[in-house]
$ cat model-v9.csv   # CSV, C-alpha atoms and all ligand atoms
chain,number,residue,atom,x,y,z
A,1,MET,CA,15.7,-9.7,27.9
A,2,ASP,CA,12.2,-8.4,27.1
A,3,GLN,CA,10.6,-9.5,23.8
A,4,SER,CA,10.8,-7.8,20.5
A,5,LYS,CA,7.8,-6.2,18.8
A,6,GLU,CA,7.9,-9.0,16.2
A,7,GLN,CA,7.8,-11.6,19.0
A,8,ARG,CA,4.8,-9.8,20.5
A,9,ILE,CA,3.1,-9.9,17.0
A,10,LEU,CA,3.8,-13.7,16.9
A,11,ASN,CA,2.4,-14.1,20.5
A,12,SER,CA,-0.8,-12.3,19.4
A,13,VAL,CA,-1.2,-14.5,16.3
A,14,SER,CA,-0.4,-17.7,18.2
A,15,TYR,CA,-3.0,-16.8,20.9
A,16,ASN,CA,-5.8,-15.3,18.7
A,17,ALA,CA,-5.6,-16.7,15.2
A,18,VAL,CA,-7.3,-19.9,14.0
A,19,LYS,CA,-4.6,-22.4,13.0
A,20,GLY,CA,-4.6,-23.2,9.3
A,21,ASP,CA,-6.8,-20.1,8.5
A,22,PRO,CA,-4.7,-17.5,6.6
A,23,GLU,CA,-7.5,-14.8,6.8
A,24,SER,CA,-7.6,-15.1,10.6
A,25,VAL,CA,-3.8,-14.7,10.8
A,26,LEU,CA,-3.9,-11.6,8.5
A,27,ASN,CA,-6.8,-10.1,10.5
A,28,CYS,CA,-5.0,-10.7,13.8
A,29,ILE,CA,-1.8,-9.0,12.6
A,30,ASP,CA,-3.8,-6.0,11.2
A,31,LYS,CA,-5.7,-5.6,14.5
A,32,TYR,CA,-2.6,-5.8,16.6
A,33,CYS,CA,-0.6,-3.4,14.5
A,34,GLY,CA,-3.5,-1.1,13.9
A,35,GLN,CA,-4.4,-0.9,17.6
A,36,TYR,CA,-1.2,-1.5,19.6
A,37,GLU,CA,2.1,-1.4,17.8
A,38,TRP,CA,2.7,-0.1,14.3
A,39,ALA,CA,4.7,-2.5,12.1
A,40,MET,CA,5.9,-2.5,8.5
A,41,ASN,CA,3.5,-5.1,7.2
A,42,VAL,CA,2.0,-4.2,3.8
A,43,GLY,CA,-1.4,-4.1,5.7
A,44,ASP,CA,-5.0,-4.5,4.9
A,45,GLU,CA,-5.5,-1.5,2.5
A,46,LYS,CA,-2.4,-2.0,0.3
A,47,GLY,CA,-3.0,-5.7,0.8
A,48,ILE,CA,-6.0,-5.5,-1.5
A,49,ILE,CA,-3.9,-4.1,-4.3
A,50,LEU,CA,-1.4,-6.9,-3.7
A,51,ASP,CA,-4.2,-9.5,-3.8
A,52,LYS,CA,-5.5,-8.1,-7.1
A,53,THR,CA,-2.1,-8.1,-8.7
A,54,VAL,CA,-1.3,-11.6,-7.6
A,55,GLU,CA,-4.7,-12.8,-9.0
A,56,GLU,CA,-3.9,-11.0,-12.3
A,57,ALA,CA,-0.4,-12.7,-12.4
A,58,ASP,CA,-1.7,-16.1,-11.2
A,59,PRO,CA,2.0,-17.0,-10.7
A,60,THR,CA,3.5,-20.5,-10.7
A,61,VAL,CA,6.8,-19.0,-9.2
A,62,ALA,CA,6.6,-15.8,-7.2
A,63,LEU,CA,9.4,-13.9,-5.5
A,64,GLU,CA,9.1,-11.5,-2.5
A,65,MET,CA,11.9,-9.3,-1.2
A,66,GLY,CA,11.4,-8.3,2.4
A,67,THR,CA,9.7,-11.1,4.4
A,68,TYR,CA,9.6,-9.3,7.7
A,69,CYS,CA,6.9,-11.2,9.8
A,70,GLY,CA,5.5,-13.1,6.8
A,71,TYR,CA,2.3,-11.0,6.4
A,72,SER,CA,2.6,-10.4,2.7
A,73,ALA,CA,4.0,-13.9,2.2
A,74,ILE,CA,0.7,-15.2,3.6
A,75,ARG,CA,-1.3,-12.7,1.4
A,76,ILE,CA,0.4,-14.0,-1.7
A,77,ALA,CA,0.7,-17.7,-0.8
A,78,ARG,CA,-3.0,-18.0,0.1
A,79,LEU,CA,-3.9,-17.1,-3.5
A,80,LEU,CA,-1.4,-19.5,-5.2
A,81,LYS,CA,-2.7,-22.4,-7.2
A,82,PRO,CA,-1.7,-26.0,-6.2
A,83,ASN,CA,2.1,-26.6,-6.9
A,84,ALA,CA,2.8,-22.9,-7.2
A,85,ARG,CA,5.4,-21.5,-4.9
A,86,LEU,CA,6.7,-18.3,-3.2
A,87,LEU,CA,10.3,-17.6,-2.5
A,88,SER,CA,10.8,-14.8,0.1
A,89,ILE,CA,14.1,-13.2,0.8
A,90,GLU,CA,14.8,-11.7,4.3
A,91,PHE,CA,18.2,-10.3,5.5
A,92,ASN,CA,17.4,-9.8,9.2
A,93,PRO,CA,18.0,-13.2,10.9
A,94,GLU,CA,15.8,-12.1,13.9
A,95,PHE,CA,12.7,-11.9,11.7
A,96,ILE,CA,13.1,-15.3,10.0
A,97,PRO,CA,12.0,-17.7,12.8
A,98,ILE,CA,9.1,-15.4,13.6
A,99,ALA,CA,8.0,-15.3,9.9
A,100,LYS,CA,8.3,-19.1,9.7
A,101,GLU,CA,6.2,-19.6,12.7
A,102,ILE,CA,3.5,-17.2,11.6
A,103,ILE,CA,3.4,-18.8,8.1
A,104,GLU,CA,3.1,-22.2,9.8
A,105,ILE,CA,0.2,-21.0,11.8
A,106,ALA,CA,-1.5,-19.9,8.6
A,107,GLY,CA,-0.9,-23.4,7.2
A,108,LEU,CA,1.1,-22.2,4.2
A,109,SER,CA,4.6,-23.5,5.0
A,110,GLU,CA,4.5,-25.9,2.0
A,111,LYS,CA,4.1,-23.0,-0.4
A,112,VAL,CA,6.6,-20.6,1.0
A,113,THR,CA,10.4,-20.8,1.1
A,114,ILE,CA,12.2,-18.2,3.2
A,115,ILE,CA,15.7,-17.5,2.1
A,116,GLU,CA,18.1,-15.6,4.4
A,117,GLY,CA,20.4,-13.1,2.8
A,118,HIS,CA,20.7,-9.9,0.9
A,119,SER,CA,18.7,-9.6,-2.3
A,120,GLN,CA,21.8,-8.8,-4.4
A,121,ASP,CA,23.5,-12.0,-3.2
A,122,ILE,CA,20.4,-14.3,-3.5
A,123,ILE,CA,19.0,-13.2,-6.9
A,124,PRO,CA,22.0,-14.6,-8.8
A,125,GLN,CA,21.5,-17.9,-7.1
A,126,LEU,CA,17.8,-18.3,-7.9
A,127,LYS,CA,18.2,-20.2,-11.2
A,128,LYS,CA,20.7,-22.8,-10.1
A,129,LYS,CA,20.3,-23.2,-6.4
A,130,TYR,CA,16.5,-22.6,-6.2
A,131,GLU,CA,15.6,-24.1,-9.6
A,132,VAL,CA,13.8,-21.1,-10.9
A,133,GLU,CA,13.5,-20.7,-14.7
A,134,THR,CA,11.7,-17.3,-14.7
A,135,LEU,CA,9.6,-15.3,-12.2
A,136,ASP,CA,5.9,-14.7,-12.9
A,137,PHE,CA,5.4,-12.3,-10.1
A,138,VAL,CA,7.8,-10.2,-7.9
A,139,PHE,CA,6.8,-8.2,-4.8
A,140,LEU,CA,9.4,-5.5,-4.0
A,141,ASP,CA,9.1,-4.6,-0.3
A,142,HIS,CA,12.7,-4.6,0.9
A,143,TRP,CA,15.3,-1.8,1.2
A,144,LYS,CA,13.9,1.0,-1.0
A,145,GLU,CA,17.2,2.0,-2.5
A,146,ARG,CA,17.6,-1.7,-3.7
A,147,TYR,CA,14.4,-1.7,-5.8
A,148,ALA,CA,16.1,-0.3,-8.9
A,149,PRO,CA,19.5,-2.2,-8.8
A,150,ASP,CA,17.7,-5.4,-8.0
A,151,THR,CA,15.2,-5.0,-10.9
A,152,ILE,CA,18.2,-4.5,-13.2
A,153,LEU,CA,19.8,-7.6,-11.6
A,154,LEU,CA,16.6,-9.7,-12.2
A,155,GLU,CA,16.8,-8.7,-15.9
A,156,GLU,CA,20.5,-9.5,-16.1
A,157,CYS,CA,20.0,-12.9,-14.5
A,158,GLY,CA,17.4,-13.7,-17.1
A,159,LEU,CA,14.7,-14.1,-14.4
A,160,LEU,CA,12.0,-12.0,-16.1
A,161,ARG,CA,10.0,-13.1,-19.1
A,162,LYS,CA,7.5,-11.3,-21.3
A,163,GLY,CA,4.5,-10.6,-19.0
A,164,SER,CA,6.4,-10.9,-15.6
A,165,ILE,CA,4.6,-8.6,-13.2
A,166,LEU,CA,6.5,-6.5,-10.6
A,167,LEU,CA,4.7,-4.8,-7.8
A,168,ALA,CA,6.6,-2.4,-5.5
A,169,ASP,CA,5.5,-1.1,-2.1
A,170,ASN,CA,6.3,2.2,-0.5
A,171,ILE,CA,6.8,4.3,-3.7
A,172,VAL,CA,5.8,7.5,-1.8
A,173,TYR,CA,6.7,6.6,1.8
A,174,PRO,CA,9.5,5.9,2.6
A,175,GLY,CA,9.9,6.4,-1.2
A,176,ALA,CA,11.8,4.7,-4.0
A,177,PRO,CA,12.5,7.6,-6.4
A,178,GLU,CA,15.4,6.0,-8.3
A,179,PHE,CA,13.2,3.0,-9.0
A,180,ILE,CA,10.4,5.2,-10.3
A,181,LYS,CA,12.9,7.1,-12.5
A,182,TYR,CA,14.3,3.8,-13.8
A,183,ILE,CA,11.1,1.9,-14.4
A,184,ARG,CA,9.0,4.7,-15.9
A,185,SER,CA,11.7,5.8,-18.4
A,186,ASN,CA,12.3,2.2,-19.5
A,187,SER,CA,10.2,1.3,-22.5
A,188,ARG,CA,10.4,-2.4,-21.6
A,189,TYR,CA,8.0,-1.8,-18.7
A,190,GLU,CA,4.3,-0.9,-18.7
A,191,CYS,CA,3.8,1.0,-15.4
A,192,THR,CA,0.7,1.7,-13.4
A,193,SER,CA,0.7,3.7,-10.2
A,194,TYR,CA,-1.8,3.0,-7.3
A,195,PRO,CA,-2.1,5.9,-4.8
A,196,THR,CA,-2.9,4.5,-1.4
A,197,PHE,CA,-1.9,4.9,2.3
A,198,LEU,CA,1.0,3.8,4.5
A,199,GLU,CA,0.0,0.7,6.5
A,200,TYR,CA,-2.1,1.6,9.6
A,201,MET,CA,-1.5,5.3,9.1
A,202,LYS,CA,-3.2,8.4,7.5
A,203,VAL,CA,0.0,9.0,5.5
A,204,GLU,CA,0.0,8.9,1.7
A,205,ASP,CA,1.9,6.1,0.0
A,206,ALA,CA,1.6,4.4,-3.4
A,207,MET,CA,2.3,1.1,-5.0
A,208,GLU,CA,3.7,0.7,-8.6
A,209,LYS,CA,3.0,-2.1,-10.9
A,210,ALA,CA,5.4,-2.8,-13.8
A,211,VAL,CA,4.8,-5.4,-16.4
A,212,TYR,CA,8.0,-6.5,-18.2
A,213,MET,CA,7.4,-6.6,-22.0
A,214,GLY,CA,10.7,-8.5,-22.7
B,301,LIG,C1,18.9,-5.9,1.0
B,301,LIG,C2,17.7,-6.7,1.4
B,301,LIG,C3,16.8,-6.2,2.4
B,301,LIG,C4,15.8,-7.1,2.7
B,301,LIG,C5,14.8,-6.7,3.7
B,301,LIG,N1,14.2,-7.5,4.5
B,301,LIG,N2,13.3,-6.8,5.2
B,301,LIG,C6,13.3,-5.5,4.8
B,301,LIG,C7,12.4,-4.5,5.3
B,301,LIG,C8,12.2,-3.4,4.3
B,301,LIG,N3,11.0,-2.6,4.4
B,301,LIG,C9,11.0,-1.4,4.9
B,301,LIG,O1,12.1,-0.9,5.3
B,301,LIG,C10,9.7,-0.7,5.2
B,301,LIG,C11,9.7,0.5,6.0
B,301,LIG,C12,8.5,1.2,6.2
B,301,LIG,C13,8.5,2.4,7.1
B,301,LIG,C14,9.5,2.5,8.1
B,301,LIG,C15,9.5,3.6,9.0
B,301,LIG,C16,8.5,4.6,8.8
B,301,LIG,F1,8.5,5.6,9.6
B,301,LIG,C17,7.6,4.5,7.8
B,301,LIG,C18,7.6,3.4,7.0
B,301,LIG,C19,7.3,0.8,5.6
B,301,LIG,C20,7.3,-0.3,4.8
B,301,LIG,O2,6.2,-0.7,4.2
B,301,LIG,C21,8.5,-1.0,4.5
B,301,LIG,O3,8.4,-2.1,3.7
B,301,LIG,N4,14.2,-5.4,3.8
B,301,LIG,C22,15.7,-8.3,2.2
B,301,LIG,C23,16.7,-8.7,1.3
B,301,LIG,N5,17.7,-7.9,1.0
B,302,MG,MG,6.6,-2.1,2.7
$ encode --input "model-v9.csv" --output "C-alpha cells" --more "lines below"
Ligand SMILES: Cc1cc(-c2n[nH]c(CCNC(=O)c3cc(-c4ccc(F)cc4)cc(O)c3O)n2)ccn1
Ligand SMILES: [Mg+2]
Amino acid sequence: MDQSKEQRILNSVSYNAVKGDPESVLNCIDKYCGQYEWAMNVGDEKGIILDKTVEEADPTVALEMGTYCGYSAIRIARLLKPNARLLSIEFNPEFIPIAKEIIEIAGLSEKVTIIEGHSQDIIPQLKKKYEVETLDFVFLDHWKERYAPDTILLEECGLLRKGSILLADNIVYPGAPEFIKYIRSNSRYECTSYPTFLEYMKVEDAMEKAVYMG
C-alpha cells in the first residue's frame, strides 16, 4: 500500500533534519509542505504568533488539541523551561506514531506527552489521570466546531486559572465562528485577534488569543 502524506513528511524529516535540532525539523517540514505537499501544520508564519504567545505565557503545563504530525508540539516544546511539559491530544491513530517519531527526531520526547482520543473525552481526565492542576497555556488547533464546547469544558473542569492563555488557530479559515461568538461576548476573557494567512497559502486566516480572567 503506498505511503500516506504524513509518512512522506516523516521520511523527509528523517532524511533531511539534524537529529536533536528542533529548528531544523521545523524548517524541513515547512520546506516540504511549502514546496511539495500542503499539510495542516500551523506553519512558519502563524508559528511566529504561536512562539510569541508561548513566550508570553511561559507555561509550566501546556495543552495542545490537534497534534497532527507534531509540528506545533515542537514549536511549543522547544520554548518550554526545564521541567515544563506539553500534553497534546490527537484523535486520529494514524498520525500518532508519525508525530511521536518527528518529535523524537527533534529531541523533545521528554517534554511532550501525546494522548490519543477525542478532546471531550480527554479533558475531564486531565486532573486525575494526567496530574494537571491548571493549564497555563492552551493551543486550540483541533476540530473547529469543538473550540467553543471544549473551552467551556476546560472552565467546567476547573482547568483554567486567572491568566491562563488560550490561542486558537484557523479563526478565519476553516473558521471557528461559534468560538469567536462565545469568547468575545464573555467578559471573563480578554481577546486579541491576529490577522495572518493560512499555512503555506495566500489565503487569509487569523489566530485569536484569549486570556482567562477567572
Ligand atoms: C475532537 C478532536 C479532534 C482532534 C484533532 N486532531 N487533529 C485534528 C486536526 C484539526 N485541524 C484541522 O482540521 C485543520 C484544517 C485545516 C484546513 C483543511 C483543509 C483546507 F482546505 C484548509 C485548511 C487547516 C488547519 O490549520 C487545521 O488545523 N483534530 C483532536 C482531539 N479531539
Ligand atoms: Mg490549524
$ residues_around --input "model-v9.csv" --residues "Cys28 of chain A" --least-positions-apart "5" --cutoff "8 Å" --atoms "all atoms listed in the file" --output "VMD selection string"
chain A and resid 12 to 13 16 to 17
$ residues_around --input "model-v9.csv" --residues "Leu108 of chain A" --least-positions-apart "5" --cutoff "10 Å" --atoms "only C-alpha atoms" --output "list in words"
Gly20, Asp21, Pro22, Ala73, Ile74, Ala77, Arg78, Lys100, Ile102, Ile103 and Thr113 of chain A
$ residues_near_ligand --input "model-v9.csv" --ligand "ligand MG 302 (chain B)" --cutoff "9 Å" --atoms "all atoms listed in the file" --output "PyMOL selection string"
chain A and resi 40-43+66+140-144+168-170+173-174+198-199
$ closest_residue --input "model-v9.csv" --among "A:Met213, A:Cys157, A:Ala148, A:Val54" --to "Pro177 of chain A" --atoms "all atoms listed in the file"
A:Ala148
$ closest_residue --input "model-v9.csv" --among "A:Val172, A:Ile180, A:Leu135, A:Ala210" --to "ligand LIG 301 (chain B)" --atoms "all atoms listed in the file"
A:Val172
